[in-house]
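S.K.: Questions regarding the structure given below will be posed in turn.
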Amino acid sequence: MSKKTTGRVRVLHYGVSAGALALAMTFAGAAAAQDTQAPAAAAPAEEVEAVVVTGFRASLANALDVKRRENDLVDVIKAQDIADFPDLNLAESLQRVPGVSIDRDGGEGRTITVRGLGPDFTVVRLNGLEALATTGGKDSSGGANRGRQFDFSIFASELFNSVTVRKSTSAMNEEGSLGAIVDLQAARPFDFSKFTMSASAKAGWNDLSRKSDPRYTFLVSNRWDTGIGEVGALLSVAYATRAQREEGSSTGRWENPSVQFNSSTAFPCSGAAYNPVSGPALTCAQIGTVTGGTSPTVTAAAGTANNLWHPRIPRYGRLDYDQKRLGVTGSLQWRPNDRSTLTLDAMLAKFTNNRDETYLEIISFSRSGAGLPQTDVVNFTADSKGNLIKGTFDDVDARVEYRHDELKTEFNQFSLTYDTKFGEAGHLAVGYGQSRSIQDNPVQTTFSFDRYDSDNYSYDYSGNDKLPNFNYGFDATNPANYVYSASNALGDASLLRLRPSKAVNTFKTFHVDVDYQILDGFKLRYGGNYKEYGFNSWEKRLFSRNLASTGTTFTAEAGFGLPAGTSIADVSRVISGFGRGLDLPSGVPTSWLAPDLAKLQAKLGYDCNCINANGDFRLSVLNQLGALRNITEKDTAFYLQGDFDYDILNIPVRGNVGVRWVKTEQAALGHYNTGSVTTPVATPFGTISTTVPTDGVQTTSRQYTNTLPSLNVSAQPWDNFYVRFAAAKVMTRPQLQNLTPGYTASSQSAQTLTRGNPDLNPMLSNNLDLSFEWYPDKETLFSVGVFQKDIKSYIQTTAVAMPYSETGLPTSLLTNGNTVDTLFTVTTQINSPGGKLKGYEISLQRPFTFLPAPFDGFGGIVNYTHVQSDIAYVIKNPTYAGNPRVQTAPAVLITQPLINLSPDAYNATLYYEKANFKARVSASYRDPYLIQVAPSATNNNDVRIKEKTLNIDSQVSYNFGNFTVTLEGINLTDEKDSKLVDSTRMNSEEYVHYGRQYYLGVKWKF
């Protein structure tokens, strides 16, 4: 046998022990199928291995074998890997892969980042078909997903038997990823050699919510020989509930009225540069008049506080999550002969995530200064960075707020694939599939009570900026201290806010793939695929915020329309027991009053979408036209690829080279406000006049093509040592919500508009990878890899000055003396210059069989990733004057890392397996990373930052024949979720925790 063959083809026999659900599968059939595809030449007897490895170690060895055989750069998790990690969902399973980090929302993994590139740059395929699954999230975590991101929180990890992360690409792989392609494969009946049935049940407990969380899984599979060939069927089900609590502090970001980013000047209020003390007279919003004060670092003077950074909405809050997750997979397979297989796969996932939020907060610091009563700064302390870190205030407006969201996601997918061999060396695979993801937020209700002009309020961020000390100066639990929130009189939303929304994503895919062995050592691949993607979304809001019987803004209880004699005490409840495990400063309230939505609904009937005896509760999409979107995308691709496998200078070299041609066709529909009309409406109070916005429609279409070459080479200079190189041109299409041509929030007096940009070009990158992999034995890997991504174009939000004639809006909308030549500032998305991303990965995996018994049962997995990037962000656009436009000042760029990029990240697992006992502990760390860069919604801070995290999980199990008992611990250190604003001042934006989660379970296999 040649060196090439002995180094790569090995006969391995794995026997996998019992596991939960899909994880209970054995891999003997899969291994046998791989062996039948091996070269016909037989290895010498001394080269054949007959080592039987079981349990967790077997799944690790099988994953390494797949990684070694691939031409592309991949990392693999096999079934028992996922089963035995204490993971709530697939994102948390994926964080064990080198280079993969996750972002959590509500205490569990939601999205992934691969080598510093966030979820926007990752393509996810389910059972071989690209898919998109979306959920809703809290506002500080980005809210509902309206882009191409894949929300892994929808799926239980038990539904899948393998996950493959493709870090390099070849021509036959679908385009769309700058970072990685993640393949999720559910179990199929032909994965099993015989009848298999397994089940598991777990009881969970969270030490913060103090509620139980059950999880159940079930799998049954069988295969039969029939007169028309072999037939197999499989069904798996996973169901779980989760009651999660989140508690902590937040600020709604920090702001300074003397500092502002916009399209013409960076700091229009204080002059040229930021100075926290001096500067010309302020023309922007002020928080009040200083009536006295002292400061160790800043001279006290009238107006000084207005030049300091302060929290917009200082508060403590509680969020309660009530989740239910159901996943079902089914598969039918038919093998009429040993050359052909027909497979039908189906998947259903339902995920509900009801969320209740309550806050005790100060709202007057966040208001615009025009025409409002000013908050008096009685005394204050400022630090050397210009932060108002401590102060006492009069005329403060406090609020208790309660928000309820009902969030539902339903995902379904089915696919039909047929693969067959033809001739002596040909293979054909044909597949069709479609999927749909519906993210529905039918209920989003917010109600609030206020306390106006309250004196002697104080906050103190000097001791602990994440857990500040608040003194409200009144009893926060007494209903007599509150009134119903006013609406327009103070520039805030009214006490009632209704904002239901919905988004629907659909995918239809057809692909044909052909490969033919035309020469010894050379295989030709060619084929193509067609994808049709649809996206539409809407959000509704109240027709009118005026809930008084007269149709005018109410200012007191009597004008609201509640039944006579109804007090705040009748429609409220007390939130208590706040702060467990937070080490709050002494004196911070741990109880406060909050609206009771059930009582308010019984009194008002506000969910009727109508005008009733208590007010106008009609909902309309016309009040939120920016969310009314409809986008269709059609992608057609063809590829040609050659796979080679030769000895060059007695060194086995294999790989592939090819090119992919892609055509993208996009059609987008958006809406804009054409004005408003005043309409008389009959109500229970008589006829009132209601101002109704009117709707215009904007449509656009475009197409573009891309040619994407790729190369993957793997050389084996020594047995079990591989050198891999990959190069490719890759692309990621613009995010869907950015393609709408609609306009919102227009102001004719200020000449401002907000819109999407349907002319965005895709983000392109030239990727290079080089890795060295050493496999001393079938269970051991040591690898080092370096990579570079030269990102040619990036997409960011900014403000662009353009004549009205270039906005695409009809001239009939012009008012206020504006003409088609008037320059408007349009906030939109643009293609910015981009930059380079560089990094390296180190991975080591080894069982400690070299240790004496019983310590030879130990083993470890550790990987480390370092990434750095320099991306140019536009923070100030060019300024123009005259018609035609003449540039009077160039754009201003800043260099920052990519959003979601952590410079350093590592994962480590220490495991032990001996006889029937198994145990492991895992740690996942990632450095701080950016979540937003100015000038996009940062309140004039340059960046928003997510702080570093270290999550530690563990599992212990013991096998009693067909039964296995497990004990799992998740987030054992109760890691906090902390967000900051500004790269220099590093002010706390949010600091919350979720508690520790434990599961006790039993697995059974027949």
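Chains: A, B, ... in order of the structure tokens. Residues: from 1 per chain. Ligands: from 1, in order shown.
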As a ChimeraX atom specification, which residues of stretch 329-478 of chain A does DSSP assign to strand (DSSP E)?
M.R.: /A:329-337,340-362,376-382,388-394,396-422,426-454,457-460,469-471
S.K.: Can I get the selection written as an mmCIF file, in the first residue's frame, with C-alpha atoms?
M.R.:
data_model
loop_
_atom_site.group_PDB
_atom_site.id
_atom_site.type_symbol
_atom_site.label_atom_id
_atom_site.label_comp_id
_atom_site.auth_asym_id
_atom_site.auth_seq_id
_atom_site.Cartn_x
_atom_site.Cartn_y
_atom_site.Cartn_z
ATOM 1 C CA THR A 329 -38.028 15.701 13.502
ATOM 2 C CA GLY A 330 -39.120 12.905 11.228
ATOM 3 C CA SER A 331 -37.358 11.058 8.451
ATOM 4 C CA LEU A 332 -38.319 8.410 5.910
ATOM 5 C CA GLN A 333 -35.698 6.681 3.790
ATOM 6 C CA TRP A 334 -35.966 4.225 0.936
ATOM 7 C CA ARG A 335 -33.033 2.354 -0.541
ATOM 8 C CA PRO A 336 -34.355 0.433 -3.567
ATOM 9 C CA ASN A 337 -30.841 -0.899 -4.242
ATOM 10 C CA SER A 340 -29.710 4.819 -4.644
ATOM 11 C CA THR A 341 -31.384 6.424 -1.625
ATOM 12 C CA LEU A 342 -34.498 8.582 -1.408
ATOM 13 C CA THR A 343 -34.891 10.621 1.799
ATOM 14 C CA LEU A 344 -37.756 12.724 3.112
ATOM 15 C CA ASP A 345 -36.881 14.903 6.112
ATOM 16 C CA ALA A 346 -39.297 17.060 8.092
ATOM 17 C CA MET A 347 -38.746 19.354 11.046
ATOM 18 C CA LEU A 348 -41.043 21.389 13.257
ATOM 19 C CA ALA A 349 -40.001 23.745 16.043
ATOM 20 C CA LYS A 350 -42.251 25.858 18.236
ATOM 21 C CA PHE A 351 -40.749 28.272 20.706
ATOM 22 C CA THR A 352 -42.759 30.588 22.961
ATOM 23 C CA ASN A 353 -40.965 33.076 25.143
ATOM 24 C CA ASN A 354 -43.306 35.284 27.160
ATOM 25 C CA ARG A 355 -41.432 38.024 28.972
ATOM 26 C CA ASP A 356 -42.460 40.404 31.774
ATOM 27 C CA GLU A 357 -40.308 43.449 32.547
ATOM 28 C CA THR A 358 -40.689 45.843 35.454
ATOM 29 C CA TYR A 359 -38.535 48.859 36.346
ATOM 30 C CA LEU A 360 -38.292 51.540 39.017
ATOM 31 C CA GLU A 361 -36.667 54.384 37.076
ATOM 32 C CA ILE A 362 -36.010 58.100 36.702
ATOM 33 C CA ASP A 376 -32.492 71.008 39.563
ATOM 34 C CA VAL A 377 -29.028 69.693 40.380
ATOM 35 C CA VAL A 378 -28.706 70.429 44.096
ATOM 36 C CA ASN A 379 -25.173 69.105 44.451
ATOM 37 C CA PHE A 380 -22.995 66.774 42.446
ATOM 38 C CA THR A 381 -19.639 65.066 42.100
ATOM 39 C CA ALA A 382 -17.872 64.630 38.782
ATOM 40 C CA LEU A 388 -21.667 63.138 36.851
ATOM 41 C CA ILE A 389 -21.176 60.090 39.064
ATOM 42 C CA LYS A 390 -22.964 61.321 42.181
ATOM 43 C CA GLY A 391 -25.650 63.888 42.837
ATOM 44 C CA THR A 392 -28.773 65.044 44.611
ATOM 45 C CA PHE A 393 -31.641 66.398 42.503
ATOM 46 C CA ASP A 394 -34.974 68.198 42.900
ATOM 47 C CA VAL A 396 -37.212 64.704 39.334
ATOM 48 C CA ASP A 397 -39.830 62.593 37.576
ATOM 49 C CA ALA A 398 -39.888 58.936 38.634
ATOM 50 C CA ARG A 399 -41.724 56.105 36.894
ATOM 51 C CA VAL A 400 -42.711 52.493 37.568
ATOM 52 C CA GLU A 401 -43.078 50.629 34.299
ATOM 53 C CA TYR A 402 -44.382 47.184 33.434
ATOM 54 C CA ARG A 403 -44.058 45.565 30.003
ATOM 55 C CA HIS A 404 -45.477 42.247 28.852
ATOM 56 C CA ASP A 405 -44.404 40.502 25.631
ATOM 57 C CA GLU A 406 -45.831 37.327 24.170
ATOM 58 C CA LEU A 407 -43.279 36.006 21.706
ATOM 59 C CA LYS A 408 -43.927 33.039 19.456
ATOM 60 C CA THR A 409 -41.725 31.426 16.838
ATOM 61 C CA GLU A 410 -42.803 28.604 14.573
ATOM 62 C CA PHE A 411 -40.312 27.012 12.225
ATOM 63 C CA ASN A 412 -41.050 24.204 9.795
ATOM 64 C CA GLN A 413 -39.008 22.621 7.050
ATOM 65 C CA PHE A 414 -39.332 19.666 4.732
ATOM 66 C CA SER A 415 -36.890 18.390 2.138
ATOM 67 C CA LEU A 416 -36.785 15.601 -0.415
ATOM 68 C CA THR A 417 -33.411 14.378 -1.620
ATOM 69 C CA TYR A 418 -32.419 11.658 -4.041
ATOM 70 C CA ASP A 419 -28.874 10.483 -4.570
ATOM 71 C CA THR A 420 -27.737 7.714 -6.845
ATOM 72 C CA LYS A 421 -24.631 6.337 -8.475
ATOM 73 C CA PHE A 422 -24.520 6.045 -12.243
ATOM 74 C CA GLY A 426 -20.635 8.898 -11.349
ATOM 75 C CA HIS A 427 -22.894 10.255 -8.636
ATOM 76 C CA LEU A 428 -25.998 12.442 -8.823
ATOM 77 C CA ALA A 429 -27.744 14.245 -5.952
ATOM 78 C CA VAL A 430 -30.975 16.188 -6.419
ATOM 79 C CA GLY A 431 -32.876 17.959 -3.690
ATOM 80 C CA TYR A 432 -35.802 20.274 -3.096
ATOM 81 C CA GLY A 433 -36.909 21.817 0.155
ATOM 82 C CA GLN A 434 -38.722 24.701 1.685
ATOM 83 C CA SER A 435 -38.920 26.236 5.113
ATOM 84 C CA ARG A 436 -40.842 28.939 6.886
ATOM 85 C CA SER A 437 -40.056 30.849 10.069
ATOM 86 C CA ILE A 438 -42.775 32.969 11.674
ATOM 87 C CA GLN A 439 -41.771 35.289 14.496
ATOM 88 C CA ASP A 440 -44.921 36.684 16.079
ATOM 89 C CA ASN A 441 -45.157 39.241 18.863
ATOM 90 C CA PRO A 442 -48.972 39.517 19.075
ATOM 91 C CA VAL A 443 -48.857 41.208 22.463
ATOM 92 C CA GLN A 444 -46.466 43.913 23.545
ATOM 93 C CA THR A 445 -48.095 46.041 26.212
ATOM 94 C CA THR A 446 -46.426 48.642 28.409
ATOM 95 C CA PHE A 447 -48.170 50.516 31.218
ATOM 96 C CA SER A 448 -46.664 52.995 33.660
ATOM 97 C CA PHE A 449 -47.335 55.194 36.669
ATOM 98 C CA ASP A 450 -45.395 58.413 37.348
ATOM 99 C CA ARG A 451 -44.406 60.629 40.230
ATOM 100 C CA TYR A 452 -43.701 64.204 39.104
ATOM 101 C CA ASP A 453 -41.444 66.921 40.542
ATOM 102 C CA SER A 454 -40.097 64.732 43.328
ATOM 103 C CA TYR A 457 -33.636 62.144 44.785
ATOM 104 C CA SER A 458 -30.020 61.004 44.716
ATOM 105 C CA TYR A 459 -27.878 58.529 42.828
ATOM 106 C CA ASP A 460 -24.329 57.393 43.515
ATOM 107 C CA ASN A 469 -27.036 53.449 45.200
ATOM 108 C CA PHE A 470 -30.412 55.164 44.682
ATOM 109 C CA ASN A 471 -32.425 57.157 47.212
#
S.K.: Which residues of stretch 148-168 of chain A come within 6 Å of stretch 179-195 of chain A, and for each one, what is the closest pair of atoms and their distance in Å to one decimal, counting only C-alpha atoms, sorted by chain and residue number, as CSV?
M.R.:
residue,atom,partner,partner_atom,distance
A:Phe160,CA,A:Ala186,CA,4.1
A:Asn161,CA,A:Ala186,CA,5.5
A:Ser162,CA,A:Gln185,CA,5.4
A:Val163,CA,A:Leu184,CA,4.8
A:Thr164,CA,A:Asp183,CA,5.0
A:Val165,CA,A:Val182,CA,4.6
A:Arg166,CA,A:Ile181,CA,5.0
A:Lys167,CA,A:Ala180,CA,4.7
